>>> print(open('final-v1.pdb').read())   # PDB, C-alpha atoms
ATOM      1  CA  MET G   1       0.000   0.000   0.000
ATOM      2  CA  LYS G   2       2.824   2.317   0.868
ATOM      3  CA  LYS G   3       4.535   1.514  -2.444
ATOM      4  CA  TRP G   4       1.328   2.337  -4.370
ATOM      5  CA  LEU G   5       1.070   5.730  -2.689
ATOM      6  CA  THR G   6       4.645   6.563  -3.672
ATOM      7  CA  SER G   7       3.924   5.665  -7.315
ATOM      8  CA  GLY G   8       0.769   7.782  -7.216
ATOM      9  CA  LYS G   9       2.742  10.766  -5.976
ATOM     10  CA  VAL G  10       5.286  10.335  -8.765
ATOM     11  CA  PHE G  11       2.491  10.141 -11.328
ATOM     12  CA  ALA G  12       0.820  13.265  -9.974
ATOM     13  CA  PHE G  13       4.115  15.125  -9.990
ATOM     14  CA  ALA G  14       4.752  14.112 -13.614
ATOM     15  CA  MET G  15       1.294  15.294 -14.638
ATOM     16  CA  ALA G  16       1.871  18.620 -12.932
ATOM     17  CA  LEU G  17       5.147  19.060 -14.810
ATOM     18  CA  LEU G  18       3.410  18.225 -18.081
ATOM     19  CA  LEU G  19       0.611  20.723 -17.489
ATOM     20  CA  THR G  20       3.111  23.413 -16.508
ATOM     21  CA  SER G  21       5.099  22.736 -19.681
ATOM     22  CA  CYS G  22       1.969  23.006 -21.869
ATOM     23  CA  GLN G  23       0.975  26.229 -20.155
ATOM     24  CA  ASN G  24       4.445  27.649 -20.742
ATOM     25  CA  GLU G  25       4.297  26.688 -24.424
ATOM     26  CA  ASP G  26       0.853  28.242 -24.770
ATOM     27  CA  SER G  27       2.124  31.370 -23.062
ATOM     28  CA  GLU G  28       5.137  31.510 -25.390
ATOM     29  CA  ILE G  29       2.937  31.160 -28.488
ATOM     30  CA  GLN G  30       0.607  33.835 -27.163
ATOM     31  CA  ASN G  31       3.551  36.128 -26.507
ATOM     32  CA  GLN G  32       4.816  35.581 -30.050
ATOM     33  CA  GLU G  33       1.370  36.386 -31.436
ATOM     34  CA  ASN G  34       1.168  39.512 -29.323
ATOM     35  CA  THR G  35       4.627  40.570 -30.523
ATOM     36  CA  ALA G  36       3.553  40.078 -34.149
ATOM     37  CA  GLN G  37       0.404  42.090 -33.545
ATOM     38  CA  LYS G  38       2.423  44.966 -32.131
ATOM     39  CA  VAL G  39       4.200  45.547 -35.484
ATOM     40  CA  SER G  40       2.438  48.571 -36.885
ATOM     41  CA  ILE G  41       2.791  51.598 -39.103
ATOM     42  CA  THR G  42       4.096  53.440 -36.040
ATOM     43  CA  ASP G  43       7.003  50.969 -35.931
ATOM     44  CA  LEU G  44       7.635  51.504 -39.646
ATOM     45  CA  LYS G  45       7.742  55.283 -39.193
ATOM     46  CA  LYS G  46      10.612  54.847 -36.729
ATOM     47  CA  GLU G  47      12.637  53.182 -39.510
ATOM     48  CA  THR G  48      12.093  55.950 -42.068
ATOM     49  CA  THR G  49      13.575  59.340 -42.769
ATOM     50  CA  ALA G  50      11.638  62.332 -43.983
ATOM     51  CA  SER G  51      11.431  62.682 -47.770
ATOM     52  CA  ASN G  52      13.379  65.634 -49.099
ATOM     53  CA  SER G  53      10.768  66.648 -51.667
ATOM     54  CA  ALA G  54       7.070  66.675 -52.356
ATOM     55  CA  LEU G  55       5.324  63.703 -53.901
ATOM     56  CA  PRO G  56       6.862  63.085 -57.348
ATOM     57  CA  GLU G  57       4.628  64.369 -60.130
ATOM     58  CA  ILE G  58       4.407  60.922 -61.743
ATOM     59  CA  VAL G  59       3.166  59.334 -58.493
ATOM     60  CA  GLN G  60       0.545  62.042 -58.011
ATOM     61  CA  THR G  61      -0.585  61.550 -61.613
ATOM     62  CA  GLN G  62      -0.817  57.775 -61.131
ATOM     63  CA  ILE G  63      -2.959  58.243 -58.036
ATOM     64  CA  ASN G  64      -5.188  60.823 -59.758
ATOM     65  CA  ASP G  65      -5.631  58.605 -62.822
ATOM     66  CA  SER G  66      -6.391  55.610 -60.600
ATOM     67  CA  LYS G  67      -9.080  57.638 -58.855
ATOM     68  CA  ALA G  68     -10.580  58.561 -62.223
ATOM     69  CA  ASN G  69     -10.663  54.948 -63.446
ATOM     70  CA  LEU G  70     -12.152  53.730 -60.161
ATOM     71  CA  GLU G  71     -14.875  56.346 -60.491
ATOM     72  CA  LYS G  72     -15.489  55.433 -64.141
ATOM     73  CA  TYR G  73     -15.782  51.686 -63.709
ATOM     74  CA  LEU G  74     -16.714  51.153 -60.046
ATOM     75  CA  LYS G  75     -18.667  54.363 -59.392
ATOM     76  CA  ASN G  76     -18.524  54.929 -55.631
ATOM     77  CA  ASP G  77     -17.915  51.326 -54.563
ATOM     78  CA  LEU G  78     -14.155  51.801 -54.096
ATOM     79  CA  GLN G  79     -12.643  55.199 -53.405
ATOM     80  CA  ILE G  80      -9.302  56.643 -52.364
ATOM     81  CA  THR G  81     -10.201  58.974 -49.517
ATOM     82  CA  GLY G  82      -6.760  60.188 -48.490
ATOM     83  CA  ILE G  83      -2.999  59.790 -48.653
ATOM     84  CA  SER G  84      -0.330  60.381 -46.030
ATOM     85  CA  ALA G  85       3.435  60.367 -46.597
ATOM     86  CA  LEU G  86       5.306  58.213 -44.070
ATOM     87  CA  GLY G  87       8.876  58.761 -45.274
ATOM     88  CA  LYS G  88      11.753  56.900 -46.883
ATOM     89  CA  ILE G  89      12.731  53.408 -45.647
ATOM     90  CA  SER G  90      16.190  53.832 -44.146
ATOM     91  CA  THR G  91      16.975  50.571 -42.321
ATOM     92  CA  GLN G  92      16.888  46.822 -42.852
ATOM     93  CA  LYS G  93      14.464  46.619 -39.952
ATOM     94  CA  GLY G  94      12.185  48.958 -41.892
ATOM     95  CA  LEU G  95      12.168  46.504 -44.812
ATOM     96  CA  GLU G  96      11.377  43.622 -42.452
ATOM     97  CA  ILE G  97       8.480  45.529 -40.906
ATOM     98  CA  SER G  98       7.224  46.370 -44.412
ATOM     99  CA  GLN G  99       7.259  42.656 -45.253
ATOM    100  CA  GLU G 100       5.081  41.872 -42.275
ATOM    101  CA  LEU G 101       2.693  44.756 -42.792
ATOM    102  CA  ILE G 102       1.875  43.968 -46.441
ATOM    103  CA  SER G 103       1.532  40.204 -45.943
ATOM    104  CA  GLU G 104      -0.137  39.802 -42.528
ATOM    105  CA  LYS G 105      -3.478  37.963 -42.665
ATOM    106  CA  SER G 106      -5.394  41.011 -41.435
ATOM    107  CA  THR G 107      -3.925  43.225 -44.179
ATOM    108  CA  PHE G 108      -6.247  44.268 -47.002
ATOM    109  CA  ILE G 109      -5.698  43.234 -50.602
ATOM    110  CA  ALA G 110      -7.655  43.389 -53.846
ATOM    111  CA  SER G 111      -7.780  41.279 -56.991
ATOM    112  CA  GLY G 112      -9.735  41.383 -60.207
ATOM    113  CA  ASN G 113     -10.347  43.350 -63.364
ATOM    114  CA  ILE G 114     -12.139  46.660 -62.735
ATOM    115  CA  LEU G 115     -13.774  46.300 -66.158
ATOM    116  CA  GLU G 116     -15.605  43.349 -64.586
ATOM    117  CA  PRO G 117     -16.761  44.875 -61.247
ATOM    118  CA  GLU G 118     -18.910  41.895 -60.299
ATOM    119  CA  LYS G 119     -15.829  39.662 -60.079
ATOM    120  CA  LEU G 120     -13.688  41.866 -57.824
ATOM    121  CA  LYS G 121     -12.393  40.516 -54.520
ATOM    122  CA  ILE G 122     -11.512  43.038 -51.823
ATOM    123  CA  GLY G 123     -10.850  42.068 -48.219
ATOM    124  CA  THR G 124      -8.206  40.839 -45.825
ATOM    125  CA  ILE G 125      -5.605  38.366 -47.052
ATOM    126  CA  GLY G 126      -6.879  35.782 -44.587
ATOM    127  CA  THR G 127     -10.509  35.917 -45.684
ATOM    128  CA  ILE G 128     -10.671  37.075 -49.313
ATOM    129  CA  GLY G 129     -12.120  34.583 -51.737
ATOM    130  CA  THR G 130     -11.557  30.962 -50.707
ATOM    131  CA  LEU G 131      -8.390  31.724 -48.768
ATOM    132  CA  SER G 132      -8.436  31.006 -45.067
ATOM    133  CA  SER G 133      -5.458  28.755 -44.409
ATOM    134  CA  GLY G 134      -3.170  26.237 -46.019
ATOM    135  CA  ASP G 135      -0.870  26.343 -49.014
ATOM    136  CA  GLU G 136      -2.697  29.069 -50.966
ATOM    137  CA  LEU G 137      -2.582  31.489 -48.064
ATOM    138  CA  THR G 138       1.077  30.698 -47.405
ATOM    139  CA  THR G 139       1.927  31.148 -51.084
ATOM    140  CA  THR G 140       0.148  34.515 -51.224
ATOM    141  CA  GLN G 141       1.975  35.782 -48.146
ATOM    142  CA  THR G 142       5.325  34.485 -49.428
ATOM    143  CA  GLU G 143       4.898  36.163 -52.822
ATOM    144  CA  LEU G 144       4.074  39.478 -51.155
ATOM    145  CA  LYS G 145       7.116  39.180 -48.881
ATOM    146  CA  ASN G 146       9.286  38.435 -51.933
ATOM    147  CA  LEU G 147       8.486  41.885 -53.311
ATOM    148  CA  VAL G 148      10.472  43.357 -50.446
ATOM    149  CA  GLY G 149      14.166  43.307 -51.269
ATOM    150  CA  LYS G 150      13.525  42.792 -54.989
ATOM    151  CA  GLU G 151      11.136  45.626 -55.799
ATOM    152  CA  ILE G 152      10.771  47.421 -52.467
ATOM    153  CA  THR G 153      14.261  48.347 -51.308
ATOM    154  CA  LEU G 154      16.094  50.693 -48.972
ATOM    155  CA  ASN G 155      15.300  54.320 -49.840
ATOM    156  CA  SER G 156      11.887  53.409 -51.235
ATOM    157  CA  ASP G 157       9.295  55.963 -50.123
ATOM    158  CA  VAL G 158       6.057  54.970 -48.404
ATOM    159  CA  LEU G 159       2.535  56.402 -48.498
ATOM    160  CA  GLU G 160      -0.398  55.309 -46.400
ATOM    161  CA  ILE G 161      -3.515  55.291 -48.592
ATOM    162  CA  SER G 162      -6.976  55.410 -47.018
ATOM    163  CA  TRP G 163      -9.811  53.582 -48.790
ATOM    164  CA  ASN G 164     -13.571  53.297 -48.607
ATOM    165  CA  TYR G 165     -15.086  50.117 -50.030
ATOM    166  CA  LYS G 166     -18.880  50.085 -49.902
ATOM    167  CA  GLY G 167     -18.833  51.957 -46.604
ATOM    168  CA  ASN G 168     -15.978  49.976 -45.040
ATOM    169  CA  THR G 169     -12.716  51.807 -44.441
ATOM    170  CA  PHE G 170      -9.167  50.451 -44.446
ATOM    171  CA  THR G 171      -5.616  51.510 -45.319
ATOM    172  CA  THR G 172      -2.796  50.145 -47.468
ATOM    173  CA  LEU G 173       0.899  50.881 -47.782
ATOM    174  CA  CYS G 174       1.997  52.269 -51.136
ATOM    175  CA  PHE G 175       5.714  52.076 -51.972
ATOM    176  CA  TYR G 176       7.159  54.363 -54.635
ATOM    177  CA  ASN G 177      10.261  56.105 -55.955
ATOM    178  CA  GLU G 178      11.034  58.863 -58.431
ATOM    179  CA  SER G 179      10.007  56.587 -61.311
ATOM    180  CA  GLY G 180       6.530  55.945 -59.948
ATOM    181  CA  ILE G 181       4.511  53.566 -57.784
ATOM    182  CA  ILE G 182       6.269  50.269 -57.028
ATOM    183  CA  TRP G 183       3.580  48.353 -55.157
ATOM    184  CA  ASP G 184       0.342  48.718 -53.242
ATOM    185  CA  ASN G 185      -1.918  45.761 -52.350
ATOM    186  CA  VAL G 186      -4.896  47.422 -54.055
ATOM    187  CA  LEU G 187      -3.315  49.599 -56.751
ATOM    188  CA  GLY G 188      -1.021  46.712 -57.725
ATOM    189  CA  GLY G 189      -3.557  43.968 -57.079
ATOM    190  CA  LEU G 190      -6.202  45.276 -59.478
ATOM    191  CA  VAL G 191      -5.831  45.415 -63.255
ATOM    192  CA  MET G 192      -7.624  46.780 -66.310
ATOM    193  CA  ILE G 193      -8.128  44.228 -69.103
ATOM    194  CA  ASP G 194     -10.439  44.263 -72.107
ATOM    195  CA  THR G 195     -11.382  40.566 -72.052
ATOM    196  CA  ARG G 196     -12.429  40.676 -75.704
ATOM    197  CA  GLY G 197      -8.792  41.152 -76.635
ATOM    198  CA  ASN G 198      -7.406  42.751 -79.762
ATOM    199  CA  GLU G 199      -6.984  41.294 -83.232
ATOM    200  CA  GLU G 200      -5.215  42.199 -86.435
ATOM    201  CA  LYS G 201      -4.801  40.453 -89.789
ATOM    202  CA  SER G 202      -2.845  40.993 -92.976
ATOM    203  CA  ASN G 203      -4.437  42.586 -96.019
ATOM    204  CA  SER G 204      -5.280  39.655 -98.274
ATOM    205  CA  SER G 205      -6.886  41.746-100.994
ATOM    206  CA  GLN G 206      -3.593  42.188-102.844
ATOM    207  CA  ALA G 207      -3.088  40.140-105.999
ATOM    208  CA  LYS G 208      -1.026  36.947-105.891
ATOM    209  CA  VAL G 209      -0.643  36.956-102.121
ATOM    210  CA  SER G 210       1.241  33.803-101.035
ATOM    211  CA  SER G 211       0.911  34.235 -97.282
ATOM    212  CA  THR G 212      -1.472  35.699 -94.751
ATOM    213  CA  TRP G 213      -1.449  36.033 -90.979
ATOM    214  CA  TYR G 214      -3.716  36.627 -88.010
ATOM    215  CA  LYS G 215      -2.719  37.995 -84.593
ATOM    216  CA  GLN G 216      -4.685  38.139 -81.339
ATOM    217  CA  TRP G 217      -3.562  39.520 -78.011
ATOM    218  CA  TRP G 218      -4.773  40.690 -74.596
ATOM    219  CA  THR G 219      -3.297  43.655 -72.730
ATOM    220  CA  ALA G 220      -3.266  44.206 -68.965
ATOM    221  CA  ASN G 221      -2.983  47.780 -67.743
ATOM    222  CA  TRP G 222      -2.128  49.227 -64.367
ATOM    223  CA  LEU G 223      -5.018  50.837 -62.530
ATOM    224  CA  TRP G 224      -3.760  54.240 -63.685
ATOM    225  CA  GLY G 225      -3.928  53.185 -67.341
ATOM    226  CA  SER G 226      -0.400  52.465 -68.547
ATOM    227  CA  LYS G 227       0.480  49.070 -70.003
ATOM    228  CA  ARG G 228       1.520  46.405 -67.512
ATOM    229  CA  GLY G 229       1.587  43.176 -69.504
ATOM    230  CA  GLU G 230       0.476  41.302 -72.609
ATOM    231  CA  ILE G 231      -0.207  37.781 -73.887
ATOM    232  CA  GLY G 232      -0.827  36.834 -77.489
ATOM    233  CA  TYR G 233      -0.184  34.620 -80.502
ATOM    234  CA  LYS G 234       0.248  34.975 -84.265
ATOM    235  CA  ILE G 235      -0.434  32.383 -86.965
ATOM    236  CA  THR G 236       0.873  32.679 -90.549
ATOM    237  CA  ILE G 237      -0.080  30.403 -93.429
ATOM    238  CA  TYR G 238       1.764  30.028 -96.757
ATOM    239  CA  TYR G 239      -0.247  28.863 -99.746
ATOM    240  CA  THR G 240      -0.551  28.489-103.473
ATOM    241  CA  GLY G 241      -4.001  29.015-104.857
ATOM    242  CA  SER G 242      -6.323  27.479-102.268
ATOM    243  CA  SER G 243      -3.830  24.957-100.899
ATOM    244  CA  VAL G 244      -1.831  25.634 -97.728
ATOM    245  CA  SER G 245       1.792  24.458 -97.911
ATOM    246  CA  ASN G 246       3.131  25.524 -94.506
ATOM    247  CA  VAL G 247       2.140  27.157 -91.205
ATOM    248  CA  ASP G 248       4.068  29.148 -88.590
ATOM    249  CA  VAL G 249       2.871  30.139 -85.129
ATOM    250  CA  SER G 250       4.435  32.269 -82.403
ATOM    251  CA  ASP G 251       3.355  33.311 -78.916
ATOM    252  CA  TRP G 252       4.406  35.746 -76.210
ATOM    253  CA  GLY G 253       3.629  36.727 -72.636
ATOM    254  CA  SER G 254       5.041  39.227 -70.141
ATOM    255  CA  ILE G 255       3.900  41.332 -67.185
ATOM    256  CA  SER G 256       5.467  43.757 -64.716
ATOM    257  CA  LEU G 257       5.195  42.462 -61.146
ATOM    258  CA  GLY G 258       3.428  39.255 -62.036
ATOM    259  CA  LYS G 259       3.661  35.995 -63.944
ATOM    260  CA  ALA G 260       2.958  35.076 -67.569
ATOM    261  CA  LYS G 261       2.893  31.868 -69.612
ATOM    262  CA  SER G 262       2.449  31.369 -73.343
ATOM    263  CA  GLU G 263       2.467  28.232 -75.483
ATOM    264  CA  SER G 264       1.406  27.523 -79.067
ATOM    265  CA  LYS G 265       1.725  24.744 -81.637
ATOM    266  CA  VAL G 266       0.707  23.997 -85.227
ATOM    267  CA  THR G 267      -2.066  21.392 -85.413
ATOM    268  CA  LYS G 268      -2.694  21.442 -89.197
ATOM    269  CA  LYS G 269       0.159  22.363 -91.515
ATOM    270  CA  THR G 270      -1.114  21.632 -95.036
ATOM    271  CA  GLY G 271      -4.359  21.305 -96.958
ATOM    272  CA  ALA G 272      -7.381  23.585 -97.226
ATOM    273  CA  TYR G 273      -6.419  25.622 -94.158
ATOM    274  CA  GLY G 274      -3.812  26.032 -91.443
ATOM    275  CA  GLN G 275      -4.528  25.634 -87.739
ATOM    276  CA  CYS G 276      -2.845  26.242 -84.367
ATOM    277  CA  ARG G 277      -3.560  25.835 -80.700
ATOM    278  CA  TYR G 278      -2.632  28.443 -78.113
ATOM    279  CA  ALA G 279      -2.496  28.523 -74.312
ATOM    280  CA  LEU G 280      -1.928  31.909 -72.697
ATOM    281  CA  GLY G 281      -2.149  33.429 -69.257
ATOM    282  CA  LEU G 282      -0.939  36.244 -67.031
ATOM    283  CA  CYS G 283      -1.569  37.159 -63.414
ATOM    284  CA  THR G 284      -0.467  39.431 -60.587
ATOM    285  CA  PRO G 285       2.302  38.087 -58.287
ATOM    286  CA  THR G 286       0.035  36.542 -55.655
ATOM    287  CA  GLY G 287      -1.406  34.002 -58.127
ATOM    288  CA  SER G 288       0.052  31.051 -60.025
ATOM    289  CA  LEU G 289      -0.146  29.785 -63.611
ATOM    290  CA  SER G 290       0.440  26.242 -64.792
ATOM    291  CA  PHE G 291       0.609  24.674 -68.255
ATOM    292  CA  ASN G 292      -0.858  21.227 -68.896
ATOM    293  CA  SER G 293       0.761  19.713 -71.984
ATOM    294  CA  SER G 294      -1.707  16.803 -72.186
ATOM    295  CA  ASN G 295      -4.684  19.052 -72.904
ATOM    296  CA  PHE G 296      -2.551  22.017 -74.011
ATOM    297  CA  SER G 297      -4.001  24.594 -71.661
ATOM    298  CA  VAL G 298      -2.938  27.174 -69.082
ATOM    299  CA  SER G 299      -4.811  27.376 -65.778
ATOM    300  CA  PHE G 300      -4.773  29.851 -62.903
ATOM    301  CA  SER G 301      -4.842  29.165 -59.169
ATOM    302  CA  GLY G 302      -4.515  31.134 -55.958
ATOM    303  CA  LEU G 303      -5.325  34.764 -55.255
ATOM    304  CA  GLY G 304      -4.646  37.358 -57.926
ATOM    305  CA  SER G 305      -5.924  39.246 -60.930
ATOM    306  CA  ASN G 306      -5.585  37.179 -64.071
ATOM    307  CA  ILE G 307      -6.642  36.446 -67.621
ATOM    308  CA  VAL G 308      -6.337  33.050 -69.283
ATOM    309  CA  SER G 309      -7.087  32.225 -72.916
ATOM    310  CA  ASN G 310      -6.929  28.716 -74.385
ATOM    311  CA  GLY G 311      -8.141  27.950 -77.878
ATOM    312  CA  THR G 312      -7.743  26.938 -81.508
ATOM    313  CA  LYS G 313      -7.440  29.216 -84.540
ATOM    314  CA  SER G 314      -7.943  28.158 -88.166
ATOM    315  CA  LEU G 315      -6.775  30.376 -91.024
ATOM    316  CA  TYR G 316      -7.781  29.994 -94.673
ATOM    317  CA  PRO G 317      -6.064  31.284 -97.845
TER     318      PRO G 317
END
>>> encode(input="final-v1.pdb", output="structure tokens")
Amino acid sequence: MKKWLTSGKVFAFAMALLLTSCQNEDSEIQNQENTAQKVSITDLKKETTASNSALPEIVQTQINDSKANLEKYLKNDLQITGISALGKISTQKGLEISQELISEKSTFIASGNILEPEKLKIGTIGTIGTLSSGDELTTTQTELKNLVGKEITLNSDVLEISWNYKGNTFTTLCFYNESGIIWDNVLGGLVMIDTRGNEEKSNSSQAKVSSTWYKQWWTANWLWGSKRGEIGYKITIYYTGSSVSNVDVSDWGSISLGKAKSESKVTKKTGAYGQCRYALGLCTPTGSLSFNSSNFSVSFSGLGSNIVSNGTKSLYP
């Protein structure tokens, strides 16, 4: 009986140690969370120096033009209500704080094409769209953090932009330099794309024409209107009379601060017509594009503004 009591005391002591250890771990995690939550714009201000000049004219123009396009396409749903200069990032710690502030789950972000208002997504990184946890959320946060050091560097200037989205207010950090805006989670997250695309073809009305071509492309613009990226393809057929003897196809894709993919191949080289397949896509940096060679198509995943076009084009003499 005495032996059993001793064992019971040892067991109780071990359980107490285990509970204390768990409580300490919980406390440590909570402390880490509290520390992360304390990183704020106030902390960033301490790592900046005052800018020596007024807002560069190009940045002011980009903001004004963005306001005009938001008004044109979204009416009063999304508005810039104010801007405040924070200063120039002067320390490595300032870059690290910037990383956290633009990628934290409670930070606001936007994605979509403002020419398609019904498809816009605007909210916190942790809740927007289908994102709540897991790989997609991690990928989005990682891609945003990767902008710091590559695009956002020491001596980049910072603005705090105030927004109103359908009556809800929030702020974003806008990084810029003398050449213009570098990144903002809303200004950089949204795009302007005419989803109908553009097309052009050669003039086949000339006599004895032995070749003709067709080109189609889609252009993505920054929110302020200037070109940001493009995807497209061009097919050319060579023929004699009504018989095609050869076909060429080319493709292209590029975007500033984002990702692009383009693939094309000839599927009919001779006969009554020429034919090609194309697979094209572009997106902002927080999304991903993949090419499937088995069905020859590009697909998009994740969070980000994007356009994808997969199809077949036939061209006759």
>>> atom_distance(input="final-v1.pdb", atom1="CA of Ile97 in chain G", atom2="CA of Leu289 in chain G")
28.9 Å
>>> resolve_selection(input="final-v1.pdb", expression="the PyMOL selection byres ((chain G and resi 45) around 9)", output="PDB file with C-alpha atoms, in the coordinates of the input")
ATOM      1  CA  SER G  40       2.438  48.571 -36.885  1.00  0.00           C
ATOM      2  CA  ILE G  41       2.791  51.598 -39.103  1.00  0.00           C
ATOM      3  CA  THR G  42       4.096  53.440 -36.040  1.00  0.00           C
ATOM      4  CA  ASP G  43       7.003  50.969 -35.931  1.00  0.00           C
ATOM      5  CA  LEU G  44       7.635  51.504 -39.646  1.00  0.00           C
ATOM      6  CA  LYS G  46      10.612  54.847 -36.729  1.00  0.00           C
ATOM      7  CA  GLU G  47      12.637  53.182 -39.510  1.00  0.00           C
ATOM      8  CA  THR G  48      12.093  55.950 -42.068  1.00  0.00           C
ATOM      9  CA  THR G  49      13.575  59.340 -42.769  1.00  0.00           C
ATOM     10  CA  LEU G  86       5.306  58.213 -44.070  1.00  0.00           C
ATOM     11  CA  GLY G  87       8.876  58.761 -45.274  1.00  0.00           C
ATOM     12  CA  LYS G  88      11.753  56.900 -46.883  1.00  0.00           C
ATOM     13  CA  ILE G  89      12.731  53.408 -45.647  1.00  0.00           C
ATOM     14  CA  GLY G  94      12.185  48.958 -41.892  1.00  0.00           C
TER      15      GLY G  94
END
>>> resolve_selection(input="final-v1.pdb", expression="the PyMOL selection byres ((chain G and resi 282) around 8)", output="ChimeraX atom specification")
/G:229-231,253-255,258-261,280-281,283-284,289,306-308
>>> atom_distance(input="final-v1.pdb", atom1="CA of Lys215 in chain G", atom2="CA of Ser250 in chain G")
9.4 Å
>>> atom_distance(input="final-v1.pdb", atom1="CA of Lys269 in chain G", atom2="CA of Val247 in chain G")
5.2 Å
>>> closest_residue(input="final-v1.pdb", among="G:Asp194, G:Glu96, G:Asp65, G:Asp184", to="Ile109 in chain G", atoms="all atoms listed in the file")
G:Asp184
>>> resolve_selection(input="final-v1.pdb", expression="the PyMOL selection byres ((chain G and resi 263) around 9)", output="ChimeraX atom specification")
/G:233,250-252,261-262,264-265,277-280,291,296-298
>>> axis_aligned_box(input="final-v1.pdb", around="range 183-192 of chain G", padding_each_side="3 Å", output="lines of an AutoDock Vina configuration file")
center_x = -2.0
center_y = 46.8
center_z = -59.3
size_x = 17.2
size_y = 11.6
size_z = 20.0
>>> residues_around(input="final-v1.pdb", residues="Glu160 in chain G", least_positions_apart="6", cutoff="6 Å", atoms="all atoms listed in the file", output="ChimeraX atom specification")
/G:83-84,172-173
>>> closest_residue(input="final-v1.pdb", among="G:Tyr316, G:Tyr165, G:Phe170, G:Phe108", to="Ile235 in chain G", atoms="all atoms listed in the file")
G:Tyr316
>>> closest_residue(input="final-v1.pdb", among="G:Leu70, G:Ile182, G:Ile122, G:Leu223", to="Thr153 in chain G", atoms="all atoms listed in the file")
G:Ile182
>>> closest_residue(input="final-v1.pdb", among="G:Asn295, G:Thr169, G:Ser226, G:Thr124", to="Ile181 in chain G", atoms="all atoms listed in the file")
G:Ser226
>>> closest_residue(input="final-v1.pdb", among="G:Trp224, G:Asn113, G:Ser288, G:Ile237", to="Glu136 in chain G", atoms="only C-alpha atoms")
G:Ser288
>>> closest_residue(input="final-v1.pdb", among="G:Phe300, G:Gly287, G:Ser202, G:Gln60", to="Asn177 in chain G", atoms="all atoms listed in the file")
G:Gln60
>>> decode(input="final-v1.pdb", residues="range 189-203 of chain G", atoms="N, CA and C atoms", output="mmCIF file, in the first residue's frame")
data_model
loop_
_atom_site.group_PDB
_atom_site.id
_atom_site.type_symbol
_atom_site.label_atom_id
_atom_site.label_comp_id
_atom_site.auth_asym_id
_atom_site.auth_seq_id
_atom_site.Cartn_x
_atom_site.Cartn_y
_atom_site.Cartn_z
ATOM 1 N N GLY G 189 -2.791 45.204 -57.020
ATOM 2 C CA GLY G 189 -3.557 43.968 -57.079
ATOM 3 C C GLY G 189 -4.639 43.970 -58.138
ATOM 4 N N LEU G 190 -5.166 45.152 -58.458
ATOM 5 C CA LEU G 190 -6.202 45.276 -59.478
ATOM 6 C C LEU G 190 -5.586 45.547 -60.841
ATOM 7 N N VAL G 191 -6.288 45.175 -61.889
ATOM 8 C CA VAL G 191 -5.831 45.415 -63.255
ATOM 9 C C VAL G 191 -6.979 45.937 -64.098
ATOM 10 N N MET G 192 -6.633 46.389 -65.308
ATOM 11 C CA MET G 192 -7.624 46.780 -66.310
ATOM 12 C C MET G 192 -7.348 45.960 -67.562
ATOM 13 N N ILE G 193 -8.300 45.092 -67.937
ATOM 14 C CA ILE G 193 -8.128 44.228 -69.103
ATOM 15 C C ILE G 193 -9.422 44.184 -69.910
ATOM 16 N N ASP G 194 -9.324 44.474 -71.201
ATOM 17 C CA ASP G 194 -10.439 44.263 -72.107
ATOM 18 C C ASP G 194 -10.446 42.778 -72.459
ATOM 19 N N THR G 195 -11.382 42.018 -71.891
ATOM 20 C CA THR G 195 -11.382 40.566 -72.052
ATOM 21 C C THR G 195 -11.685 40.122 -73.482
ATOM 22 N N ARG G 196 -12.192 41.034 -74.308
ATOM 23 C CA ARG G 196 -12.429 40.676 -75.704
ATOM 24 C C ARG G 196 -11.124 40.568 -76.483
ATOM 25 N N GLY G 197 -10.085 41.197 -75.966
ATOM 26 C CA GLY G 197 -8.792 41.152 -76.635
ATOM 27 C C GLY G 197 -8.747 42.043 -77.868
ATOM 28 N N ASN G 198 -7.618 41.979 -78.533
ATOM 29 C CA ASN G 198 -7.406 42.751 -79.762
ATOM 30 C C ASN G 198 -7.058 41.777 -80.882
ATOM 31 N N GLU G 199 -7.343 42.144 -82.106
ATOM 32 C CA GLU G 199 -6.984 41.294 -83.232
ATOM 33 C C GLU G 199 -6.568 42.139 -84.434
ATOM 34 N N GLU G 200 -5.729 41.525 -85.244
ATOM 35 C CA GLU G 200 -5.215 42.199 -86.435
ATOM 36 C C GLU G 200 -4.900 41.121 -87.474
ATOM 37 N N LYS G 201 -5.110 41.419 -88.730
ATOM 38 C CA LYS G 201 -4.801 40.453 -89.789
ATOM 39 C C LYS G 201 -4.209 41.166 -90.979
ATOM 40 N N SER G 202 -3.476 40.409 -91.799
ATOM 41 C CA SER G 202 -2.845 40.993 -92.976
ATOM 42 C C SER G 202 -3.903 41.308 -94.026
ATOM 43 N N ASN G 203 -3.546 42.200 -94.930
ATOM 44 C CA ASN G 203 -4.437 42.586 -96.019
ATOM 45 C C ASN G 203 -4.320 41.565 -97.136
#
